[in-house]
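Undergrad: Pasting structure.txt below, which is compact mmCIF, C-alpha atoms.
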# COMPACT_ATOMS: atom_id res chain seq x y z
CA MET A 2 6.28 4.40 -17.46
CA PRO A 3 8.88 3.13 -14.95
CA ASP A 4 11.51 5.25 -13.29
CA SER A 5 14.65 4.84 -15.40
CA LYS A 6 16.76 3.99 -12.35
CA LEU A 7 14.76 0.88 -11.53
CA MET A 8 13.72 -1.94 -13.83
CA PRO A 9 10.16 -3.12 -13.23
CA ARG A 10 9.65 -6.67 -12.03
CA CYS A 11 6.86 -8.62 -13.65
CA ILE A 12 4.11 -9.43 -11.16
CA SER A 13 2.07 -12.47 -12.10
CA ASP A 14 -0.43 -11.70 -14.87
CA GLU A 15 -0.71 -8.09 -13.70
CA HIS A 16 1.83 -5.68 -15.17
CA PRO A 17 2.98 -2.87 -12.87
CA GLU A 18 1.52 -0.25 -15.22
CA ALA A 19 -1.91 -1.87 -14.93
CA LEU A 20 -1.67 -1.93 -11.14
CA VAL A 21 -0.70 1.77 -11.14
CA ARG A 22 -3.69 2.56 -13.41
CA LYS A 23 -5.98 0.74 -11.01
CA SER A 24 -4.62 2.81 -8.12
CA GLN A 25 -5.31 5.95 -10.16
CA GLU A 26 -8.92 4.84 -10.64
CA ALA A 27 -9.23 4.14 -6.92
CA ARG A 28 -7.93 7.65 -6.19
CA ASN A 29 -11.11 9.01 -7.79
CA GLN A 30 -13.13 7.51 -4.93
CA ALA A 31 -11.15 9.34 -2.21
CA TYR A 32 -13.04 11.06 0.57
CA CYS A 33 -10.74 13.91 1.59
CA PRO A 34 -12.77 17.05 2.38
CA TYR A 35 -10.10 18.41 4.74
CA SER A 36 -6.73 17.86 3.10
CA LYS A 37 -7.97 17.64 -0.52
CA PHE A 38 -5.11 15.11 -0.93
CA ARG A 39 -6.60 12.23 -2.93
CA VAL A 40 -4.81 8.89 -2.67
CA GLY A 41 -5.69 5.56 -4.26
CA ALA A 42 -4.13 2.15 -3.86
CA ALA A 43 -4.37 -1.20 -5.63
CA VAL A 44 -2.99 -4.31 -3.98
CA LEU A 45 -2.24 -7.58 -5.75
CA ALA A 46 -2.83 -10.69 -3.64
CA SER A 47 -0.60 -13.71 -4.21
CA ASN A 48 -3.45 -15.59 -5.90
CA GLY A 49 -3.84 -12.80 -8.50
CA THR A 50 -6.85 -11.03 -6.96
CA VAL A 51 -6.58 -7.25 -7.24
CA PHE A 52 -8.17 -4.91 -4.70
CA ASP A 53 -8.60 -1.56 -6.43
CA ALA A 54 -11.16 1.03 -7.54
CA LEU A 55 -13.96 -1.54 -7.64
CA LYS A 56 -13.29 -2.18 -3.97
CA LYS A 57 -12.94 1.59 -3.25
CA CYS A 58 -9.33 1.43 -2.01
CA CYS A 59 -8.78 5.10 -1.29
CA ASN A 60 -8.10 7.38 1.61
CA VAL A 61 -11.06 8.17 3.86
CA GLU A 62 -10.64 11.25 6.05
CA ASN A 63 -12.49 12.05 9.24
CA ALA A 64 -13.08 15.31 11.13
CA CYS A 65 -11.13 13.62 13.94
CA TYR A 66 -7.98 13.45 11.82
CA THR A 67 -6.44 10.43 13.52
CA ALA A 68 -9.55 8.36 12.77
CA GLY A 69 -8.98 8.65 9.01
CA LEU A 70 -7.63 5.81 6.90
CA CYS A 71 -4.95 5.91 4.26
CA ALA A 72 -5.57 4.22 0.91
CA GLU A 73 -2.88 1.60 1.51
CA ARG A 74 -4.40 0.45 4.80
CA THR A 75 -7.88 0.50 3.23
CA ALA A 76 -6.75 -1.73 0.33
CA ILE A 77 -4.94 -4.24 2.53
CA SER A 78 -7.75 -4.30 5.11
CA LYS A 79 -10.32 -5.00 2.38
CA ALA A 80 -8.16 -7.83 1.07
CA VAL A 81 -7.66 -9.32 4.54
CA SER A 82 -11.39 -9.06 5.27
CA GLU A 83 -11.96 -11.25 2.21
CA GLY A 84 -9.43 -13.86 3.37
CA HIS A 85 -6.23 -12.71 1.64
CA THR A 86 -3.08 -12.34 3.74
CA SER A 87 -0.38 -12.93 1.15
CA PHE A 88 0.47 -10.12 -1.26
CA LYS A 89 2.79 -9.56 -4.21
CA ALA A 90 2.53 -5.83 -4.84
CA ILE A 91 0.79 -2.57 -4.06
CA ALA A 92 0.60 0.61 -6.14
CA ILE A 93 -0.01 4.02 -4.58
CA THR A 94 -1.13 7.13 -6.45
CA SER A 95 -2.01 10.70 -5.54
CA ASP A 96 -2.40 13.93 -7.49
CA LEU A 97 1.29 14.80 -7.04
CA GLU A 98 2.86 15.62 -10.39
CA ASP A 99 6.44 16.42 -9.40
CA ARG A 100 7.28 13.49 -7.10
CA PHE A 101 6.34 9.91 -6.38
CA THR A 102 3.63 9.22 -3.80
CA SER A 103 5.17 7.46 -0.83
CA PRO A 104 3.33 5.73 2.03
CA CYS A 105 3.32 7.33 5.48
CA GLY A 106 5.11 5.63 8.36
CA ALA A 107 1.95 3.97 9.67
CA CYS A 108 1.23 2.47 6.25
CA ARG A 109 4.80 1.25 5.91
CA GLN A 110 4.46 -0.61 9.20
CA PHE A 111 1.01 -1.89 8.20
CA MET A 112 2.40 -3.28 4.93
CA ARG A 113 5.35 -4.78 6.82
CA GLU A 114 2.94 -7.03 8.72
CA PHE A 115 2.46 -8.92 5.46
CA GLY A 116 6.09 -9.13 4.40
CA SER A 117 9.20 -7.04 3.96
CA GLN A 118 9.63 -8.05 0.30
CA LEU A 119 6.25 -6.75 -0.90
CA ASP A 120 6.73 -4.71 -4.10
CA VAL A 121 5.60 -1.10 -3.62
CA HIS A 122 5.01 0.97 -6.76
CA LEU A 123 5.26 4.65 -5.83
CA SER A 124 3.66 6.62 -8.63
CA LYS A 125 3.03 10.10 -9.94
CA SER A 126 -0.27 11.33 -11.34
CA ASP A 127 0.99 10.74 -14.91
CA GLY A 128 1.35 7.00 -14.24
CA SER A 129 5.13 6.92 -13.98
CA TYR A 130 6.32 4.88 -11.02
CA LYS A 131 9.32 3.87 -8.95
CA LEU A 132 9.58 0.32 -7.61
CA MET A 133 10.73 -0.27 -4.04
CA THR A 134 10.15 -2.96 -1.44
CA VAL A 135 8.73 -2.52 2.04
CA GLU A 136 12.20 -3.35 3.36
CA GLU A 137 13.70 -0.46 1.40
CA LEU A 138 10.98 1.89 2.69
CA LEU A 139 11.24 0.63 6.28
CA PRO A 140 14.75 -0.65 7.02
CA TYR A 141 15.43 -2.43 10.31
CA SER A 142 11.71 -3.02 10.72
CA PHE A 143 9.78 -4.88 13.37
CA GLY A 144 7.52 -7.65 12.14
CA PRO A 145 5.53 -10.69 13.22
CA GLU A 146 8.65 -12.85 13.41
CA ASP A 147 10.03 -10.57 16.11
CA LEU A 148 7.24 -11.47 18.53
CA ARG A 149 7.90 -14.43 20.72
CA THR A 150 5.39 -17.24 20.69
CA GLY A 151 3.76 -19.00 23.58
CA GLU A 152 2.58 -17.46 26.82
CA ASN A 153 2.18 -13.72 27.05
CA THR A 154 3.64 -12.53 30.33
CA VAL A 155 1.38 -9.48 30.35
CA GLY A 156 -2.32 -10.04 30.92
CA ASN A 157 -4.01 -13.33 30.17
CA SER A 158 -3.86 -13.45 26.37
CA LYS A 159 -1.60 -15.52 24.16
CA LEU A 160 0.51 -14.12 21.35
What does this structure look like when you write it as structure tokens?

TA:
Amino acid sequence: MPDSKLMPRCISDEHPEALVRKSQEARNQAYCPYSKFRVGAAVLASNGTVFDALKKCCNVENACYTAGLCAERTAISKAVSEGHTSFKAIAITSDLEDRFTSPCGACRQFMREFGSQLDVHLSKSDGSYKLMTVEELLPYSFGPEDLRTGENTVGNSKL
């Protein structure tokens, strides 16, 4: 059920509630022996393909904490590895009951790589959600369009 302050936008054939449910299913695959904080994500590519529980889009922790992966980055990376780089929406779910699950700063920047207008459905464990965009979550962001093209003045690579 959507947050009463925001009206849900229809996303292709996939309704936001269905995308949130898929993120909840993905959450069940989480590998989080240290934090016990399960997170699942489902991302909707522009062509309608959904990357979710079937693709195991969940957080994966590591004993070396910084080597772990958040569910959002896992979902988008899986999609990109299968040739998708254009996205309509992502839903994020955890076990939090009293507040919406929000992406960390690194995930916000990771999502920003693929567009500032990506719909982000922040949800609670009961399936309720709040719709925001990457731009709302990461105002004044830095993205691909901010990089200059042509010769890289550092090293011998090209941007």

Undergrad: Using only C-alpha atoms, determine which residues lie at most 6 Å from segment 131-142 of chain A, disregarding the query and same-chain residues fewer than 2 positions distant; provide the list as a list of chain:residue names.

TA: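 So the residues in contact are A:Asp4, A:Ser117, A:Gln118, A:Leu119, A:Asp120, A:Val121, A:His122, A:Leu123.
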
Undergrad: Which residue, A:Thr50, A:Pro145, A:Cys65, A:Val40, has the smallest gap to Cys105 of chain A when you use all atoms listed in the file?

TA: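 Smallest distance to Cys105 of chain A is found for A:Val40.
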
Undergrad: Hey, what's within 6 Å of segment 73-85 of chain A if we count all atoms listed in the file and toss same-chain stuff fewer than 2 positions away? As a PyMOL selection string, please?

TA: chain A and resi 42+58+71+87

Undergrad: Tell me which protein, DNA and RNA residues are within 12 Å of segment 28-37 of chain A, counting all atoms listed in the file, leaving out same-chain ones fewer than 5 positions away, and put them as a PyMOL selection string.

TA: chain A and resi 21-23+42-43+53-66+69-73+75-76+92-97+102+124-126

Undergrad: May I ask which of the residues A:Arg113, A:Gly128, A:Lys89, A:Arg100 is the closest one to Glu26 of chain A, counting all atoms listed in the file?

TA: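 Closest to Glu26 of chain A of all the choices is A:Gly128.
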
Undergrad: Since the input lacks atoms, please generate all heavy atoms for segment 22-33 of chain A and provide them as a tab-separated table (two decimals), keeping the file's coordinate frame.

TA:
chain	number	residue	atom	x	y	z
A	22	ARG	N	-2.44	2.00	-12.85
A	22	ARG	CA	-3.69	2.56	-13.41
A	22	ARG	C	-4.86	2.28	-12.49
A	22	ARG	O	-5.73	3.13	-12.28
A	22	ARG	CB	-3.98	1.97	-14.80
A	22	ARG	CG	-3.36	2.74	-15.94
A	22	ARG	CD	-3.92	2.33	-17.29
A	22	ARG	NE	-3.92	0.89	-17.55
A	22	ARG	CZ	-2.85	0.20	-17.95
A	22	ARG	NH1	-1.70	0.81	-18.16
A	22	ARG	NH2	-2.94	-1.10	-18.16
A	23	LYS	N	-4.89	1.09	-11.92
A	23	LYS	CA	-5.98	0.74	-11.01
A	23	LYS	C	-5.92	1.60	-9.74
A	23	LYS	O	-6.97	1.99	-9.20
A	23	LYS	CB	-5.94	-0.75	-10.68
A	23	LYS	CG	-6.34	-1.58	-11.88
A	23	LYS	CD	-6.25	-3.06	-11.61
A	23	LYS	CE	-6.59	-3.80	-12.89
A	23	LYS	NZ	-7.20	-5.06	-12.68
A	24	SER	N	-4.73	1.93	-9.30
A	24	SER	CA	-4.62	2.81	-8.12
A	24	SER	C	-5.09	4.22	-8.48
A	24	SER	O	-5.69	4.91	-7.65
A	24	SER	CB	-3.20	2.82	-7.56
A	24	SER	OG	-2.30	3.51	-8.40
A	25	GLN	N	-4.84	4.64	-9.72
A	25	GLN	CA	-5.31	5.95	-10.16
A	25	GLN	C	-6.84	5.99	-10.19
A	25	GLN	O	-7.45	6.99	-9.80
A	25	GLN	CB	-4.77	6.28	-11.56
A	25	GLN	CG	-3.29	6.57	-11.57
A	25	GLN	CD	-2.75	6.74	-12.98
A	25	GLN	OE1	-3.09	5.98	-13.88
A	25	GLN	NE2	-1.91	7.74	-13.17
A	26	GLU	N	-7.46	4.91	-10.64
A	26	GLU	CA	-8.92	4.84	-10.64
A	26	GLU	C	-9.47	4.86	-9.22
A	26	GLU	O	-10.47	5.52	-8.94
A	26	GLU	CB	-9.38	3.58	-11.38
A	26	GLU	CG	-9.06	3.60	-12.86
A	26	GLU	CD	-9.21	2.24	-13.52
A	26	GLU	OE1	-9.74	1.30	-12.89
A	26	GLU	OE2	-8.78	2.10	-14.68
A	27	ALA	N	-8.80	4.16	-8.32
A	27	ALA	CA	-9.23	4.14	-6.92
A	27	ALA	C	-9.12	5.53	-6.30
A	27	ALA	O	-9.95	5.91	-5.46
A	27	ALA	CB	-8.39	3.13	-6.13
A	28	ARG	N	-8.13	6.29	-6.71
A	28	ARG	CA	-7.93	7.65	-6.19
A	28	ARG	C	-9.18	8.50	-6.41
A	28	ARG	O	-9.51	9.36	-5.59
A	28	ARG	CB	-6.72	8.27	-6.89
A	28	ARG	CG	-6.48	9.73	-6.58
A	28	ARG	CD	-5.40	10.31	-7.47
A	28	ARG	NE	-5.79	10.19	-8.87
A	28	ARG	CZ	-4.96	10.32	-9.89
A	28	ARG	NH1	-3.69	10.58	-9.68
A	28	ARG	NH2	-5.38	10.20	-11.12
A	29	ASN	N	-9.91	8.24	-7.49
A	29	ASN	CA	-11.11	9.01	-7.79
A	29	ASN	C	-12.21	8.83	-6.76
A	29	ASN	O	-13.15	9.61	-6.72
A	29	ASN	CB	-11.62	8.67	-9.19
A	29	ASN	CG	-10.65	9.08	-10.27
A	29	ASN	OD1	-9.90	10.05	-10.11
A	29	ASN	ND2	-10.62	8.33	-11.35
A	30	GLN	N	-12.13	7.78	-5.96
A	30	GLN	CA	-13.13	7.51	-4.93
A	30	GLN	C	-12.78	8.16	-3.59
A	30	GLN	O	-13.53	8.03	-2.63
A	30	GLN	CB	-13.26	6.00	-4.73
A	30	GLN	CG	-13.67	5.24	-5.97
A	30	GLN	CD	-15.06	5.61	-6.42
A	30	GLN	OE1	-15.94	5.87	-5.63
A	30	GLN	NE2	-15.27	5.64	-7.73
A	31	ALA	N	-11.63	8.80	-3.49
A	31	ALA	CA	-11.15	9.34	-2.21
A	31	ALA	C	-12.14	10.29	-1.55
A	31	ALA	O	-12.82	11.07	-2.21
A	31	ALA	CB	-9.82	10.06	-2.42
A	32	TYR	N	-12.23	10.17	-0.24
A	32	TYR	CA	-13.04	11.06	0.57
A	32	TYR	C	-12.05	11.89	1.41
A	32	TYR	O	-11.52	11.41	2.40
A	32	TYR	CB	-13.99	10.27	1.48
A	32	TYR	CG	-14.78	11.16	2.42
A	32	TYR	CD1	-15.87	11.89	1.95
A	32	TYR	CD2	-14.43	11.27	3.75
A	32	TYR	CE1	-16.59	12.71	2.80
A	32	TYR	CE2	-15.15	12.08	4.61
A	32	TYR	CZ	-16.23	12.80	4.13
A	32	TYR	OH	-16.93	13.62	4.97
A	33	CYS	N	-11.77	13.09	0.93
A	33	CYS	CA	-10.74	13.91	1.59
A	33	CYS	C	-11.17	15.39	1.64
A	33	CYS	O	-10.51	16.24	1.05
A	33	CYS	CB	-9.40	13.75	0.89
A	33	CYS	SG	-9.49	13.95	-0.90
